>>> print(open('work.cif').read())   # mmCIF, C-alpha atoms
data_protein
loop_
_atom_site.label_atom_id
_atom_site.label_comp_id
_atom_site.auth_asym_id
_atom_site.auth_seq_id
_atom_site.Cartn_x
_atom_site.Cartn_y
_atom_site.Cartn_z
CA MET A 1 65.79 95.59 155.27
CA SER A 2 69.36 94.36 155.77
CA SER A 3 72.04 96.63 154.31
CA TRP A 4 73.24 93.94 151.88
CA GLU A 5 69.77 93.89 150.32
CA ASN A 6 70.36 97.39 148.97
CA ASN A 7 72.64 95.79 146.38
CA VAL A 8 70.26 93.01 145.32
CA ARG A 9 68.86 93.14 141.77
CA LYS A 10 65.12 93.00 142.38
CA VAL A 11 62.80 91.89 139.58
CA VAL A 12 59.31 90.47 139.26
CA PRO A 13 59.93 86.98 137.82
CA TYR A 14 58.20 85.43 134.84
CA THR A 15 55.22 83.29 135.82
CA PRO A 16 54.97 80.11 133.74
CA GLY A 17 51.77 78.18 133.22
CA GLU A 18 50.68 76.01 136.11
CA GLN A 19 52.25 72.54 136.22
CA PRO A 20 49.72 70.50 138.23
CA LYS A 21 51.10 67.38 139.90
CA GLU A 22 47.81 65.49 140.06
CA LYS A 23 47.08 62.75 137.56
CA ASN A 24 44.20 62.28 135.14
CA ILE A 25 44.07 65.89 134.03
CA ILE A 26 43.80 67.53 130.62
CA LYS A 27 46.64 70.02 130.34
CA LEU A 28 45.96 72.73 127.76
CA ASN A 29 47.76 75.62 129.45
CA THR A 30 51.45 75.56 128.47
CA ASN A 31 51.44 74.89 124.70
CA GLU A 32 53.17 71.55 125.06
CA ASN A 33 52.87 69.11 122.18
CA PRO A 34 50.39 66.32 123.06
CA TYR A 35 52.30 63.70 121.05
CA PRO A 36 55.49 61.83 122.01
CA PRO A 37 58.88 62.79 120.56
CA SER A 38 60.26 61.23 117.41
CA PRO A 39 60.96 57.48 117.68
CA ALA A 40 64.48 58.40 116.54
CA ALA A 41 64.95 60.45 119.71
CA LYS A 42 63.71 57.57 121.83
CA ALA A 43 66.13 55.20 120.11
CA ALA A 44 69.02 57.64 120.72
CA LEU A 45 68.07 57.80 124.40
CA GLU A 46 67.97 54.00 124.72
CA ALA A 47 71.32 53.68 122.97
CA PHE A 48 73.04 56.29 125.15
CA ASP A 49 76.02 54.93 127.08
CA SER A 50 75.47 55.99 130.69
CA ASP A 51 79.22 55.89 131.29
CA ASP A 52 79.42 59.02 129.13
CA MET A 53 77.70 60.97 131.90
CA ARG A 54 81.01 61.28 133.71
CA LEU A 55 82.41 63.30 130.79
CA TYR A 56 81.74 66.92 129.97
CA PRO A 57 79.68 67.48 126.82
CA ALA A 58 81.23 69.15 123.78
CA PRO A 59 81.05 72.90 124.47
CA ASP A 60 80.05 73.65 120.88
CA ALA A 61 77.39 70.86 120.81
CA ALA A 62 78.69 70.21 117.29
CA GLU A 63 76.65 67.04 116.75
CA LEU A 64 73.40 68.94 117.34
CA VAL A 65 74.53 72.08 115.52
CA ASP A 66 75.53 70.05 112.48
CA ALA A 67 72.19 68.21 112.44
CA ILE A 68 70.26 71.49 112.61
CA ALA A 69 72.45 73.07 109.91
CA GLU A 70 71.97 70.05 107.65
CA THR A 71 68.19 70.00 108.17
CA TYR A 72 67.70 73.73 107.58
CA ARG A 73 70.35 73.99 104.86
CA VAL A 74 72.55 76.58 106.51
CA LYS A 75 76.18 76.57 107.62
CA PRO A 76 77.01 75.37 111.15
CA GLU A 77 78.55 78.81 111.80
CA GLN A 78 75.06 80.27 111.33
CA VAL A 79 73.54 78.18 114.14
CA PHE A 80 73.47 78.84 117.89
CA VAL A 81 72.04 76.36 120.41
CA GLY A 82 70.97 76.76 124.01
CA VAL A 83 68.94 75.26 126.83
CA GLY A 84 65.52 76.03 125.38
CA SER A 85 64.69 79.13 123.37
CA ASP A 86 64.42 81.04 126.66
CA ASP A 87 68.15 80.51 127.19
CA VAL A 88 68.87 81.48 123.58
CA ILE A 89 66.86 84.71 123.82
CA SER A 90 68.31 85.55 127.22
CA MET A 91 71.80 85.18 125.77
CA ALA A 92 70.80 87.37 122.83
CA PHE A 93 69.56 90.09 125.21
CA MET A 94 72.87 89.97 127.06
CA THR A 95 74.88 90.04 123.84
CA PHE A 96 73.09 92.59 121.66
CA PHE A 97 70.92 94.88 123.77
CA ASN A 98 73.50 97.17 125.35
CA SER A 99 72.42 100.57 124.02
CA ASP A 100 71.07 103.39 126.15
CA LYS A 101 68.09 103.44 123.76
CA PRO A 102 65.07 101.27 124.64
CA ILE A 103 64.46 97.95 122.98
CA LEU A 104 61.00 97.61 121.42
CA PHE A 105 58.47 94.79 121.67
CA PRO A 106 54.65 94.52 121.58
CA ASP A 107 52.56 95.32 124.63
CA ILE A 108 50.76 91.98 124.27
CA THR A 109 53.43 89.34 123.76
CA TYR A 110 55.59 86.76 125.50
CA SER A 111 55.83 88.10 129.03
CA PHE A 112 59.45 87.02 129.54
CA TYR A 113 60.77 89.89 127.39
CA ASP A 114 60.30 92.62 129.99
CA VAL A 115 61.65 90.28 132.71
CA TRP A 116 64.92 89.80 130.84
CA ALA A 117 65.13 93.52 130.20
CA GLU A 118 64.71 94.19 133.93
CA VAL A 119 67.26 91.52 134.89
CA TYR A 120 69.91 92.93 132.54
CA GLY A 121 69.07 96.57 133.17
CA ILE A 122 67.98 97.16 129.57
CA PRO A 123 65.62 100.08 128.87
CA TYR A 124 62.51 98.96 126.99
CA LYS A 125 59.31 100.25 125.46
CA ARG A 126 56.11 98.30 124.85
CA ILE A 127 54.51 99.08 121.50
CA PRO A 128 50.68 98.70 121.41
CA LEU A 129 49.21 96.23 118.96
CA THR A 130 46.37 97.34 116.72
CA ALA A 131 42.75 96.68 117.75
CA ASP A 132 42.86 93.34 115.93
CA PHE A 133 46.13 92.31 117.65
CA ARG A 134 48.43 93.02 114.72
CA ILE A 135 51.85 94.67 114.62
CA ASN A 136 52.07 98.00 112.84
CA ALA A 137 55.49 98.02 111.18
CA GLY A 138 55.62 101.82 111.22
CA ASP A 139 55.60 101.81 115.04
CA TYR A 140 59.05 100.22 114.96
CA SER A 141 60.59 102.99 112.86
CA GLN A 142 61.79 104.96 115.86
CA PRO A 143 65.10 105.18 117.73
CA ASN A 144 65.75 101.90 119.53
CA GLY A 145 68.41 99.63 120.95
CA GLY A 146 66.93 96.48 119.45
CA ILE A 147 63.63 94.84 118.50
CA ILE A 148 62.05 91.52 119.40
CA PHE A 149 58.66 89.95 118.76
CA PRO A 150 57.27 86.45 118.21
CA ASN A 151 55.77 85.31 114.92
CA PRO A 152 53.14 83.97 115.33
CA ASN A 153 52.67 86.21 118.33
CA ALA A 154 52.01 84.79 121.77
CA PRO A 155 49.49 84.69 123.31
CA THR A 156 47.38 85.87 120.36
CA GLY A 157 48.50 83.34 117.71
CA VAL A 158 48.45 86.03 115.01
CA LEU A 159 50.87 85.46 112.12
CA GLU A 160 52.55 88.42 110.43
CA SER A 161 53.76 88.35 106.83
CA THR A 162 57.37 87.96 105.77
CA GLU A 163 57.01 91.28 103.91
CA MET A 164 55.98 93.12 107.07
CA ILE A 165 58.84 91.63 109.05
CA GLU A 166 61.36 92.47 106.35
CA SER A 167 60.15 96.07 106.36
CA VAL A 168 60.94 96.25 110.10
CA ILE A 169 64.41 94.76 109.59
CA LYS A 170 65.13 97.07 106.66
CA ALA A 171 64.07 100.14 108.68
CA ASN A 172 66.45 99.24 111.53
CA PRO A 173 69.91 98.52 110.08
CA ASP A 174 71.62 99.77 113.26
CA SER A 175 69.75 97.42 115.62
CA VAL A 176 69.59 93.66 116.05
CA VAL A 177 66.10 92.41 115.23
CA ILE A 178 65.06 89.12 116.86
CA ILE A 179 62.13 87.14 115.47
CA ASP A 180 60.97 84.52 117.96
CA GLU A 181 59.53 81.67 115.87
CA ALA A 182 58.54 79.23 118.63
CA TYR A 183 55.26 78.47 116.83
CA ILE A 184 56.20 78.97 113.17
CA ASP A 185 55.83 75.31 112.20
CA PHE A 186 52.07 75.29 112.81
CA GLY A 187 51.13 77.28 109.71
CA GLY A 188 53.65 80.04 109.09
CA THR A 189 56.66 80.62 106.86
CA SER A 190 59.99 81.20 108.59
CA VAL A 191 61.98 84.34 107.82
CA LEU A 192 65.14 82.20 108.01
CA PRO A 193 66.11 82.96 104.37
CA LEU A 194 66.45 86.65 105.30
CA ILE A 195 69.60 85.96 107.38
CA GLU A 196 71.48 85.82 104.07
CA LYS A 197 70.31 89.35 103.34
CA TYR A 198 70.47 91.05 106.75
CA GLU A 199 73.38 90.44 109.11
CA ASN A 200 71.43 92.06 112.00
CA LEU A 201 68.62 89.44 111.97
CA LEU A 202 68.40 86.64 114.55
CA VAL A 203 65.73 83.96 114.04
CA VAL A 204 64.97 81.86 117.14
CA GLN A 205 63.20 78.48 117.19
CA THR A 206 62.69 75.65 119.68
CA PHE A 207 62.25 71.90 120.06
CA SER A 208 59.61 72.47 122.78
CA LYS A 209 56.56 72.88 120.54
CA SER A 210 56.62 71.35 117.07
CA ARG A 211 59.36 68.83 117.89
CA ASN A 212 57.59 67.49 121.00
CA MET A 213 60.60 67.84 123.35
CA ALA A 214 59.80 70.57 125.90
CA GLY A 215 61.36 68.45 128.66
CA MET A 216 64.71 68.24 126.88
CA ARG A 217 65.14 72.05 126.75
CA ILE A 218 66.59 72.66 123.29
CA GLY A 219 66.48 76.05 121.63
CA PHE A 220 68.35 77.26 118.58
CA ALA A 221 68.86 80.37 116.50
CA PHE A 222 69.97 81.30 113.02
CA GLY A 223 71.90 84.39 112.05
CA SER A 224 74.87 85.72 110.15
CA LYS A 225 78.24 84.21 111.05
CA LYS A 226 79.19 87.47 112.74
CA LEU A 227 76.02 87.52 114.86
CA ILE A 228 76.40 83.89 115.95
CA LYS A 229 80.08 84.37 116.80
CA TYR A 230 79.22 87.27 119.11
CA MET A 231 76.63 85.11 120.89
CA ASN A 232 79.04 82.20 121.28
CA ASP A 233 81.71 84.53 122.67
CA VAL A 234 79.30 85.58 125.41
CA LYS A 235 78.01 82.05 126.00
CA PHE A 236 81.49 80.60 126.40
CA SER A 237 82.33 83.44 128.80
CA VAL A 238 79.36 82.53 131.01
CA ASN A 239 79.12 78.74 130.85
CA SER A 240 80.71 76.58 128.16
CA TYR A 241 78.86 73.38 129.09
CA THR A 242 75.23 74.39 128.82
CA MET A 243 73.86 71.34 126.96
CA ASN A 244 74.19 67.82 128.31
CA ARG A 245 75.27 64.79 126.30
CA VAL A 246 71.86 63.08 126.33
CA THR A 247 70.11 66.19 125.03
CA ILE A 248 72.63 66.66 122.22
CA LYS A 249 72.22 63.04 121.05
CA CYS A 250 68.42 63.02 121.22
CA GLY A 251 68.11 66.45 119.64
CA ALA A 252 70.32 65.53 116.70
CA ALA A 253 68.27 62.38 116.08
CA ALA A 254 64.94 64.19 116.36
CA VAL A 255 65.75 67.06 114.02
CA ARG A 256 66.72 64.63 111.28
CA ASP A 257 63.36 62.85 111.46
CA GLY A 258 61.51 65.15 109.11
CA GLU A 259 58.72 62.69 108.31
CA TYR A 260 57.59 62.37 111.95
CA PHE A 261 57.93 66.12 112.47
CA ARG A 262 55.67 66.91 109.52
CA ALA A 263 53.13 64.28 110.53
CA THR A 264 52.67 65.53 114.09
CA CYS A 265 52.49 69.16 112.96
CA ALA A 266 49.78 68.18 110.49
CA LYS A 267 47.80 66.46 113.26
CA ILE A 268 47.90 69.56 115.43
CA ILE A 269 46.96 71.85 112.55
CA GLY A 270 43.97 69.64 111.72
CA THR A 271 42.80 69.58 115.33
CA ARG A 272 43.28 73.35 115.59
CA GLU A 273 41.16 74.07 112.52
CA ASN A 274 38.39 71.86 113.89
CA ALA A 275 38.71 73.65 117.25
CA LYS A 276 38.08 76.98 115.56
CA LYS A 277 34.75 75.66 114.25
CA ARG A 278 33.72 74.08 117.54
CA LEU A 279 34.66 77.09 119.66
CA SER A 280 32.82 79.43 117.27
CA GLN A 281 29.71 77.28 117.64
CA LEU A 282 30.02 77.63 121.42
CA GLY A 283 30.05 81.44 121.18
CA PHE A 284 33.77 82.18 121.27
CA THR A 285 35.59 84.70 119.11
CA PHE A 286 39.34 84.74 118.51
CA PRO A 287 42.08 85.97 116.18
CA ASP A 288 42.88 83.50 113.42
CA SER A 289 45.57 81.41 115.09
CA MET A 290 48.50 79.93 113.20
CA SER A 291 50.04 78.41 116.32
CA ASN A 292 49.27 75.39 118.51
CA PHE A 293 46.83 77.37 120.65
CA ILE A 294 43.77 79.59 120.31
CA PHE A 295 43.32 82.90 122.12
CA ALA A 296 39.57 82.88 122.75
CA LYS A 297 36.98 85.23 124.23
CA HIS A 298 33.40 84.26 124.92
CA LYS A 299 30.61 86.61 123.84
CA THR A 300 28.86 86.55 127.22
CA ALA A 301 30.63 84.38 129.79
CA SER A 302 33.55 85.62 131.89
CA ALA A 303 36.96 84.19 131.00
CA LYS A 304 37.85 83.95 134.67
CA THR A 305 34.68 81.99 135.44
CA ILE A 306 35.26 79.59 132.55
CA PHE A 307 38.90 79.15 133.62
CA GLU A 308 37.90 78.32 137.20
CA GLU A 309 35.08 75.99 136.19
CA LEU A 310 37.32 74.10 133.77
CA LYS A 311 39.92 73.72 136.51
CA LYS A 312 37.29 72.13 138.77
CA ARG A 313 36.83 69.59 136.00
CA LYS A 314 40.61 69.00 135.82
CA ILE A 315 40.98 70.82 132.51
CA PHE A 316 43.71 73.45 132.63
CA VAL A 317 43.87 76.41 130.22
CA ARG A 318 45.78 79.71 130.58
CA TYR A 319 44.22 82.89 131.98
CA TRP A 320 45.83 86.27 132.68
CA ASN A 321 44.16 88.80 134.94
CA LYS A 322 45.72 91.69 133.03
CA PRO A 323 44.33 94.72 131.20
CA ILE A 324 43.22 94.18 127.58
CA ILE A 325 43.56 90.39 127.73
CA CYS A 326 41.59 89.60 130.91
CA ASP A 327 38.58 88.49 128.83
CA TYR A 328 40.61 85.88 126.94
CA LEU A 329 41.69 82.30 127.52
CA ARG A 330 44.65 80.71 125.76
CA ILE A 331 43.75 77.15 124.92
CA THR A 332 46.53 74.78 123.84
CA ILE A 333 45.63 72.33 121.08
CA GLY A 334 45.65 68.83 122.55
CA THR A 335 44.69 65.49 121.08
CA ASP A 336 41.26 65.09 119.52
CA ASN A 337 40.13 63.32 122.70
CA ASP A 338 41.47 66.16 124.88
CA MET A 339 39.63 68.71 122.79
CA GLN A 340 36.35 66.77 122.82
CA ALA A 341 36.51 66.68 126.62
CA LEU A 342 37.07 70.45 126.55
CA TYR A 343 34.05 71.06 124.29
CA ASP A 344 31.83 68.88 126.49
CA ALA A 345 32.94 70.74 129.61
CA LEU A 346 32.43 74.13 127.94
CA GLU A 347 28.90 73.21 126.87
CA GLU A 348 28.09 72.32 130.46
CA ILE A 349 29.69 75.45 131.92
CA LEU A 350 28.07 77.79 129.43
CA LYS A 351 24.67 76.20 129.95
CA GLU A 352 24.99 76.80 133.69
CA ALA A 353 26.18 80.37 133.15
CA ALA A 354 23.18 81.14 130.97
CA LYS A 355 20.65 80.23 133.69
#
>>> encode(input="work.cif", output="structure tokens")
Amino acid sequence: MSSWENNVRKVVPYTPGEQPKEKNIIKLNTNENPYPPSPAAKAALEAFDSDDMRLYPAPDAAELVDAIAETYRVKPEQVFVGVGSDDVISMAFMTFFNSDKPILFPDITYSFYDVWAEVYGIPYKRIPLTADFRINAGDYSQPNGGIIFPNPNAPTGVLESTEMIESVIKANPDSVVIIDEAYIDFGGTSVLPLIEKYENLLVVQTFSKSRNMAGMRIGFAFGSKKLIKYMNDVKFSVNSYTMNRVTIKCGAAAVRDGEYFRATCAKIIGTRENAKKRLSQLGFTFPDSMSNFIFAKHKTASAKTIFEELKKRKIFVRYWNKPIICDYLRITIGTDNDMQALYDALEEILKEAAK
């Protein structure tokens, strides 16, 4: 090893879901929305003046911030925006998690949390979920330098109650509590109203899932004015121009199109509820998902085998060869046609496995 490598920060990077380049596949492995973005976003893109590309974007992304604030009925000073919710959460880690006490998050959760902690040198502790994949609020009543968890959780899809989450916030007045609501629009109730009650609460959401714009990379967060100011101070000290002009325009248009947003969410929820019935009939069990995916385990067939056999048929789902969850597949909810192709393939695979 070269001597300069002694000073390199070495981490094991986050591994995203596979992004196959081949065509004619069914992609149910990265929780993308199967429907196109709002027509309002498309119109904003078509109307964009390409000459504006030579100019820097507004550092405060005010057009987008104002649209989000208007839609969610909060003040612009209570909104933070970033390049996807990953950027928002990363900035929150850098801003708020600077104690010598460990931050707390579930042992089965979004696997980027420990990566960020390693990158920023933040001590952390994984808190086990219960046997039915739930969060025990009492486990978070211990000394900590901050708390983060998704609701609904990923990859399980389990939704926790507002009352449970508030009990965690209330028990930790000296720590920032981050609730990652990437999937909240598929059946949950946001804890956004609690930011008026607790100045240490940060609620993070994204355009990648329910607003059909994963490729645009828009994340946002709500918090007290004080909390958001601290995040902006750090952001503007790192890179003032994080969001490009096209993204700001399209994002502002999309967030104002509430009718389209509600309609596509309803489609996904309907397909998900049907998927629960179909997968149960095929011998799968799973926590009751309130997200745009189902975390499923088959009663007899190996998850790894099913994953590999589906891939041969150009159907991609997510599989982790990790303790506790190695028997599960995370299946994104696609269109009704996507899901029917999945059920047909599963019937074939399971029939072969039973021989």
>>> residues_around(input="work.cif", residues="A:Ala44", least_positions_apart="2", cutoff="7 Å", atoms="all atoms listed in the file", output="PDB file with C-alpha atoms, in the frame of the given file")
ATOM      1  CA  ALA A  40      64.480  58.400 116.540  1.00  0.00           C
ATOM      2  CA  ALA A  41      64.950  60.450 119.710  1.00  0.00           C
ATOM      3  CA  LYS A  42      63.710  57.570 121.830  1.00  0.00           C
ATOM      4  CA  GLU A  46      67.970  54.000 124.720  1.00  0.00           C
ATOM      5  CA  ALA A  47      71.320  53.680 122.970  1.00  0.00           C
ATOM      6  CA  PHE A  48      73.040  56.290 125.150  1.00  0.00           C
ATOM      7  CA  LYS A 249      72.220  63.040 121.050  1.00  0.00           C
ATOM      8  CA  CYS A 250      68.420  63.020 121.220  1.00  0.00           C
ATOM      9  CA  ALA A 253      68.270  62.380 116.080  1.00  0.00           C
TER      10      ALA A 253
END
>>> resolve_selection(input="work.cif", expression="the PyMOL selection byres ((chain A and resi 80-90) around 9)", output="ChimeraX atom specification")
/A:60-61,64-65,76-79,91-95,112-113,116,178,180,182,204-208,214,216-223,228-229,231-232,242-243
>>> write_last_selection(input="work.cif", atoms="C-alpha atoms", output="compact mmCIF listing (two decimals), in the coordinates of the input")
# COMPACT_ATOMS: atom_id res chain seq x y z
CA ASP A 60 80.05 73.65 120.88
CA ALA A 61 77.39 70.86 120.81
CA LEU A 64 73.40 68.94 117.34
CA VAL A 65 74.53 72.08 115.52
CA PRO A 76 77.01 75.37 111.15
CA GLU A 77 78.55 78.81 111.80
CA GLN A 78 75.06 80.27 111.33
CA VAL A 79 73.54 78.18 114.14
CA MET A 91 71.80 85.18 125.77
CA ALA A 92 70.80 87.37 122.83
CA PHE A 93 69.56 90.09 125.21
CA MET A 94 72.87 89.97 127.06
CA THR A 95 74.88 90.04 123.84
CA PHE A 112 59.45 87.02 129.54
CA TYR A 113 60.77 89.89 127.39
CA TRP A 116 64.92 89.80 130.84
CA ILE A 178 65.06 89.12 116.86
CA ASP A 180 60.97 84.52 117.96
CA ALA A 182 58.54 79.23 118.63
CA VAL A 204 64.97 81.86 117.14
CA GLN A 205 63.20 78.48 117.19
CA THR A 206 62.69 75.65 119.68
CA PHE A 207 62.25 71.90 120.06
CA SER A 208 59.61 72.47 122.78
CA ALA A 214 59.80 70.57 125.90
CA MET A 216 64.71 68.24 126.88
CA ARG A 217 65.14 72.05 126.75
CA ILE A 218 66.59 72.66 123.29
CA GLY A 219 66.48 76.05 121.63
CA PHE A 220 68.35 77.26 118.58
CA ALA A 221 68.86 80.37 116.50
CA PHE A 222 69.97 81.30 113.02
CA GLY A 223 71.90 84.39 112.05
CA ILE A 228 76.40 83.89 115.95
CA LYS A 229 80.08 84.37 116.80
CA MET A 231 76.63 85.11 120.89
CA ASN A 232 79.04 82.20 121.28
CA THR A 242 75.23 74.39 128.82
CA MET A 243 73.86 71.34 126.96
>>> closest_residue(input="work.cif", among="A:Ile333, A:Val119, A:Cys265, A:Ile294", to="A:Asn212", atoms="only C-alpha atoms")
A:Cys265
>>> residues_around(input="work.cif", residues="A:Cys326", least_positions_apart="3", cutoff="10 Å", atoms="only C-alpha atoms", output="list in words")
Lys297, Ser302, Ala303, Lys304, Tyr319, Trp320, Asn321, Lys322, Pro323 and Leu329 of chain A
>>> residues_near_point(input="work.cif", point="(57.3, 90.9, 112.3)", cutoff="8 Å", atoms="all atoms listed in the file", output="PyMOL selection string")
chain A and resi 135+137+149-151+160-162+164-166+168+179
>>> residues_around(input="work.cif", residues="A:Gly146", least_positions_apart="3", cutoff="8 Å", atoms="all atoms listed in the file", output="PyMOL selection string")
chain A and resi 96-97+102-104+175-177
>>> closest_atom_pairs(input="work.cif", of="stretch 308-351 of chain A", to="stretch 19-24 of chain A", cutoff="10 Å", atoms="all atoms listed in the file", output="JSON lines")
{"residue": "A:Lys314", "atom": "CA", "partner": "A:Asn24", "partner_atom": "CA", "distance": 7.6}
{"residue": "A:Ile315", "atom": "CA", "partner": "A:Asn24", "partner_atom": "CA", "distance": 9.5}
{"residue": "A:Phe316", "atom": "CA", "partner": "A:Pro20", "partner_atom": "CA", "distance": 8.7}
>>> closest_residue(input="work.cif", among="A:Asp336, A:Glu5, A:Asp100, A:Glu181", to="A:Asn274", atoms="all atoms listed in the file")
A:Asp336
>>> residues_around(input="work.cif", residues="A:Gly157", least_positions_apart="3", cutoff="9 Å", atoms="all atoms listed in the file", output="tab-separated table (two decimals) with C-alpha atoms, keeping the file's coordinate frame")
chain	number	residue	atom	x	y	z
A	151	ASN	CA	55.77	85.31	114.92
A	152	PRO	CA	53.14	83.97	115.33
A	153	ASN	CA	52.67	86.21	118.33
A	154	ALA	CA	52.01	84.79	121.77
A	183	TYR	CA	55.26	78.47	116.83
A	287	PRO	CA	42.08	85.97	116.18
A	288	ASP	CA	42.88	83.50	113.42
A	289	SER	CA	45.57	81.41	115.09
A	290	MET	CA	48.50	79.93	113.20
A	291	SER	CA	50.04	78.41	116.32
A	292	ASN	CA	49.27	75.39	118.51
A	293	PHE	CA	46.83	77.37	120.65
A	294	ILE	CA	43.77	79.59	120.31
A	295	PHE	CA	43.32	82.90	122.12
>>> closest_residue(input="work.cif", among="A:Val8, A:Asp257, A:Val246, A:Ile25", to="A:Lys312", atoms="all atoms listed in the file")
A:Ile25
>>> atom_distance(input="work.cif", atom1="atom CA of A:Glu348", atom2="atom CA of A:Glu309")
9.8 Å
>>> closest_residue(input="work.cif", among="A:Ser99, A:Ile195, A:Pro173, A:Arg245", to="A:Ser50", atoms="only C-alpha atoms")
A:Arg245
>>> residues_around(input="work.cif", residues="A:Ser167", least_positions_apart="4", cutoff="10 Å", atoms="all atoms listed in the file", output="list in words")
Ala137, Gly138, Tyr140, Ser141, Thr162, Glu163, Ala171 and Asn172 of chain A
>>> resolve_selection(input="work.cif", expression="the PyMOL selection byres ((chain A and resi 338) around 10)", output="number ranges by chain")
A: 25-28, 34, 315, 333-337, 339-343
